[in-house]
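Engineer: What follows is a single structure, and I will ask about it in a moment.
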Amino acid sequence: MSQTSHTTVKSAPAAADVRPKTLRPPRLPRWSLAALLLGSAAVGVAAGLLGGLESRAQWGLIAALVFVVARFALTSAVEGRRQAVDRLAATLVWASFVLAMLPLASLLWETVSRGGPGVDWYFLTHSMNGVLSWQDGGGIYHALLGTVQQVALASVLAIPVGLLTAVYLVEYGRGRLAKAITFFVDVMTGIPSIVAGLFVLSLWIMMLDLGYSGFAGALALSILMMPIVVRSTEEMLKLVPGELREASLALGIPKWRTILKVVLPTAIGGITTGVMLALARIAGETAPIILLVFGNNMINANVFEGAQSSLPLYVYEQWAYGTEAAYDRAWAAALVLIALVMILNLVARGIARWKAPKTGR
Amino acid sequence: MTVNDTKTPGTDPAPRGQGQSTTRLGDRVFSNLSKGSGIALLVIMAAIAVFLAIRAVVAIRANEGNFLTTFAWDANGDPPHFGIAVLLFGTVVSSVIAMVIAVPVAVGIALFLSHYAPRRLATPIGYLVDLLAAVPSIIYGLWGALYLVPRLTGTYDWLDDVLGWTGVFAYDGSPARSLMTVGILLAVMILPIITSVTREVFQQTPKAHQEAALALGATRWEVIRVTVLPFGRSGVISASMLGLGRALGETMAVATVLSPSFLINASVLESGGGTFAQNIASQFKEAGSMGRDALIASGLVLFLLTLLVNGAARLIIARRKEYSGANA
């Protein structure tokens with residue numbers, strides 16, 4: 001670090017005309033990056049072919065290593081050590097991003113390519129009633145129905161509590177109680193879903209002896225959903241300008257009507273986004289469903305009584321059967337589930353973007 | 001704090017006149033409703049602890065083995081004989097592996113989003129990282145079990161060749177349904193949460209610090225090293241702990257990938273071991289009444305563990321907020 005990257009000091013005594021034409025330190029040409037990328041890719045392929053390496057991942061790894069080392073050496077030779085370290089850091093940062101995208105791309109590709117052929121109208125509109133694990137056919141109608149009912153019920157339970165709590169924290173809450181609620185809401189977001197499931201199991205099924213049902217599952221899901229709704233709503237309510245509240249209060253409108261008619265409508269876009277993200281999150285929960293809804297191959301439209309199924313649970317069950325036909329069904333159901341969650345996410349982002357200028361300042 | 005108390009509705013200087021009583025009634029009802037739901041959340045948290053504890057005490061009283069040190073799970077037997085030693089070991093080891101992989105990568109992505117990515121691309125790329133968080137855990141499990149597991153045997157063979165002498169990385173060539181695979185999968189799953197929290201902290205780095213460093217001729221990396229990383233250190237720590245909390249409690253991805261056993265295998269590459277959440281999910285269907293109580297007892301340990309980790313993470317964040325708020 002102490003030595004400067006300028007070469008002038010060293011070269012000055014040797015010969016006067018070697019002095020650089022500009023005061024800027026020497027730099028690698030712009031095309032060097034592309035050349036290095038191509039070169040290291042070529043080395044990777046060559047090493048893979050000559051060395052007889054089977055896995056393409058190894059080819060890529062060799063190419064990446066060659067790229068990192070070559071770039072560091074080259075920059076360090078031409079531009080100096082500090083620049084070389086800078087380039088190295090940039091390469092690693094880019095690499096970590098690519099590394100994170102690989103599993104996402106692979107997962108989406110696998111789900112679409114393996115699940116895609118299995119999804120058709122029959123699959124969506126039939127249950128697994130009477131279909132053995134090794135047989136083809138069967139569908140997810142019962143699971144889809146269960147997921148929709150349980151998620152809807154959970155949101156009916158969780159959204160009012162979540163909204164009101166957020167209103168309390170932003171509009172009323174001061175002092176110790178509000179601090180405690182804020183802290184425990186944060187901690188509650190981290191509760192493992194299986195623990196929420198165990199809680200409802202011990203209370204609802206073991207103590208009150210009310211049996212497995214979609215409702216029991218919805219109870220656990222609502223516990224998971226509440227903190228997410230509180231957090232996102234709280235963030236949105238904080239964005240509502242204080243002037244709006246003051247203007248309304250100055251007109252003599254009571255505080256509760258101000259909140260209902262001014263504050264909440266202003267933030268409704270962001271609140272909806274948060275709620276939909278929470279829905280997407282709980283729609284994919286499996287662990288509490290295993291404990292509380294139990295699973296069922298037949299259609300049970302009564303969410304309050306008897307075992308139901310749900311999409312994530314269906315994926316798990318089919319995976320556990322371990323036959324080819326069951327794996328196909330598992331991938332197909334996974335595709336439907338991922339599509340459902342992604343649609344919820346995209347719609348949520350869309351609403352956030354559409355409403356953003358009105359809530360943000 | 002006392003100044004703020006004037007904001008409570010009871011002390012509002014409400015105008016005397018008609019409609020006063022209804023106004024006050026509405027306000028009182030609404031504020032109590034919202035306060036009540038806040039309290040309801042606290043009650044739920046307390047109830048979780050209490051109800052799990054009630055069942056756990058029943059199980060631990062009946063247990064013939066030592067709850068903490070027994071290497072077995074025979075909760076349905078007569079007498080019941082079970083212990084969480086293997087589960088604790090597996091949970092901690094798989095989470096630590098996940099952290100070792102995920103934290104550096106997540107810090108890298110956060111830096112990428114806050115300081116390296118072209119500004120126009122940063123937002124859509126942020127969405128992509130969030131999509132990783134949106135994928136349901138059971139689908140990670142399916143992908144892990146059917147795609148990842150068969151593709152890791154080659155890497156594990158290589159690790160065995162190079163590091164097999166340590167014993168920790170010994171590998172016998174069996175399907176890669178091991179704690180290491182679980183750790184890798186968990187790393188992918190906790191990446192987004194660590195990234196998003198870390199990135200937010202990095203973006204709050206004071207512009208003045210960064211510009212000062214730039215003005216002294218620092219390269220981009222030097223700017224990050226002397227301003228962004230020191231400023232964001234506590235944020236990185238708390239984000240990592242949030243990720244750890246996730247990894248500790250993850251159920252489905254572990255239940256599908258791991259081939260469990262109630263022996264501790266010294267090698268993380270070979271199958272065996274288990275985690276709290278995985279054990280609950282896999283044993284539940286065969287569990288009788290005592291079996292369930294035992295599972296709930298192990299769930300209580302998991303609950304306390306995540307409570308501790310998450311609480312600590314939140315406290316660090318909260319303290320940091322006050323600190324930076326005072327500076328602003």
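Letters A, B, ... mark the chains of the structure tokens in the order given; residue numbers begin at 1 per chain; ligand numbers begin at 1, in order shown.
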DSSP says alpha helix (DSSP H) for which residues of region 49-269 of chain B? Put them as JSON, numbers by chain?
Structural biologist: {"B": [49, 50, 51, 52, 53, 54, 55, 56, 57, 58, 59, 60, 61, 62, 85, 86, 87, 88, 89, 90, 91, 92, 93, 94, 95, 96, 97, 98, 99, 100, 101, 102, 103, 104, 105, 106, 107, 108, 109, 110, 111, 119, 120, 121, 122, 123, 124, 125, 126, 127, 128, 129, 130, 131, 132, 133, 134, 137, 138, 139, 140, 141, 142, 143, 149, 150, 151, 152, 153, 154, 155, 156, 157, 158, 159, 160, 161, 162, 163, 179, 180, 181, 182, 183, 184, 185, 186, 187, 188, 189, 190, 191, 192, 193, 194, 195, 196, 197, 198, 199, 200, 201, 202, 203, 207, 208, 209, 210, 211, 212, 213, 214, 215, 220, 221, 222, 223, 229, 230, 231, 232, 233, 234, 235, 236, 237, 238, 239, 240, 241, 242, 243, 244, 245, 246, 247, 248, 249, 252, 253, 254, 255, 256, 257]}
Engineer: Which residues are near Gly118 (chain A)? Cut-off 10 Å, only C-alpha atoms, ignore same chain within fewer than 5 positions. Put them as a ChimeraX atom specification.
Structural biologist: /A:112-113,123-124,137,139,325,328-333,335
Engineer: Using only C-alpha atoms, which protein or nucleic acid residues come within 8 Å of Leu237 (chain A)? Drop anything in the same chain fewer than 5 positions from it, and give the result as a PyMOL selection string.
Structural biologist: chain A and resi 166-167+170+263-264+267
Engineer: Could you give me, as a PDB file with C-alpha atoms, in the first residue's frame, the residues within 9 Å of Leu148 (chain B), counting only C-alpha atoms and dropping anything in the same chain fewer than 4 positions from it?
Structural biologist:
```
ATOM      1  CA  TRP B 143     -34.929 -30.397  -6.046  1.00  0.00           C
ATOM      2  CA  GLY B 144     -32.325 -31.269  -3.441  1.00  0.00           C
ATOM      3  CA  LEU B 152     -22.786 -34.292  -5.454  1.00  0.00           C
ATOM      4  CA  ALA B 176     -25.045 -38.062  -0.751  1.00  0.00           C
ATOM      5  CA  THR B 181     -25.838 -31.797   1.388  1.00  0.00           C
ATOM      6  CA  LEU B 185     -29.297 -26.689   0.433  1.00  0.00           C
TER       7      LEU B 185
END
```
Engineer: When you look at Leu88 (chain A) with a cut-off of 12 Å (counting only C-alpha atoms), what residues show up, excluding the ones that are within fewer than 2 positions of it in the same chain? I need them as a short mmCIF file (atom, residue, chain, number, x, y, z; two decimals) with C-alpha atoms, in the first residue's frame.
Structural biologist:
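Listing of selection.cif after writing:
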```
data_model
loop_
_atom_site.label_atom_id
_atom_site.label_comp_id
_atom_site.auth_asym_id
_atom_site.auth_seq_id
_atom_site.Cartn_x
_atom_site.Cartn_y
_atom_site.Cartn_z
CA LEU A 65 -10.09 -20.26 -11.60
CA PHE A 67 -9.90 -16.27 -15.18
CA VAL A 68 -9.45 -15.10 -11.59
CA VAL A 69 -5.73 -15.93 -11.47
CA ALA A 70 -4.94 -14.57 -14.95
CA ARG A 71 -6.81 -11.35 -14.34
CA PHE A 72 -5.08 -10.80 -11.04
CA ALA A 73 -1.63 -11.51 -12.48
CA LEU A 74 -2.16 -9.36 -15.55
CA THR A 75 -3.58 -6.37 -13.67
CA SER A 76 -0.92 -6.63 -11.03
CA ARG A 81 -1.13 -4.34 -6.88
CA ARG A 82 -3.87 -2.10 -5.56
CA GLN A 83 -5.73 -2.19 -8.84
CA ALA A 84 -5.26 -5.94 -8.99
CA VAL A 85 -6.86 -6.40 -5.57
CA ASP A 86 -9.69 -4.13 -6.65
CA ALA A 90 -14.98 -7.12 -8.28
CA THR A 91 -14.58 -10.57 -9.82
CA LEU A 92 -15.48 -12.29 -6.56
CA VAL A 93 -18.51 -10.07 -6.05
CA TRP A 94 -19.78 -10.84 -9.54
CA ALA A 95 -19.00 -14.51 -9.01
CA THR B 219 -9.97 2.13 -5.40
CA ARG B 220 -13.52 0.83 -5.21
CA TRP B 221 -12.49 -2.13 -3.12
CA GLU B 222 -10.53 0.10 -0.74
#
```
Engineer: Quick one: everything within 7 Å of Gly272 (chain B), counting only C-alpha atoms, minus sequence neighbours fewer than 5 positions away in the same chain. Send it as a ChimeraX atom specification.
Structural biologist: /B:178,259-261,263-265
Engineer: Go ahead and compute the interatomic distance for CA of Ala122 (chain B) and CA of Thr195 (chain B), in Å to one decimal.
Structural biologist: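 Distance reported for this atom pair: 13.0 Å.
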Engineer: Please provide the set of residues having any atom within 9 Å of Ile282 (chain A), restricted to only C-alpha atoms, with same-chain residues fewer than 3 positions apart removed, written as a list in words.
Structural biologist: Val151, Ala154, Leu221, Ser222, Leu224, Met225, Leu277, Ala278, Leu279, Glu285 and Thr286 of chain A; Pro136 of chain B
Engineer: In Å to one decimal, how far is CA of Leu203 (chain A) from CA of Val50 (chain B)?
Structural biologist: 10.2 Å
Engineer: Using only C-alpha atoms, find the one residue out of A:Trp134, A:Phe294, A:Phe199, A:Trp121 that sits nearest to chain B.
Structural biologist: A:Phe199
Engineer: Could you check which of B:Ala212, B:Leu33, B:Leu41, B:Leu191 is closest to Thr189 (chain A), using only C-alpha atoms?
Structural biologist: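 Smallest distance to Thr189 (chain A) is found for B:Leu41.
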Engineer: Report, in Å to a single decimal, how far apart CA of Arg225 (chain B) and CA of Leu113 (chain B) are.
Structural biologist: 16.1 Å
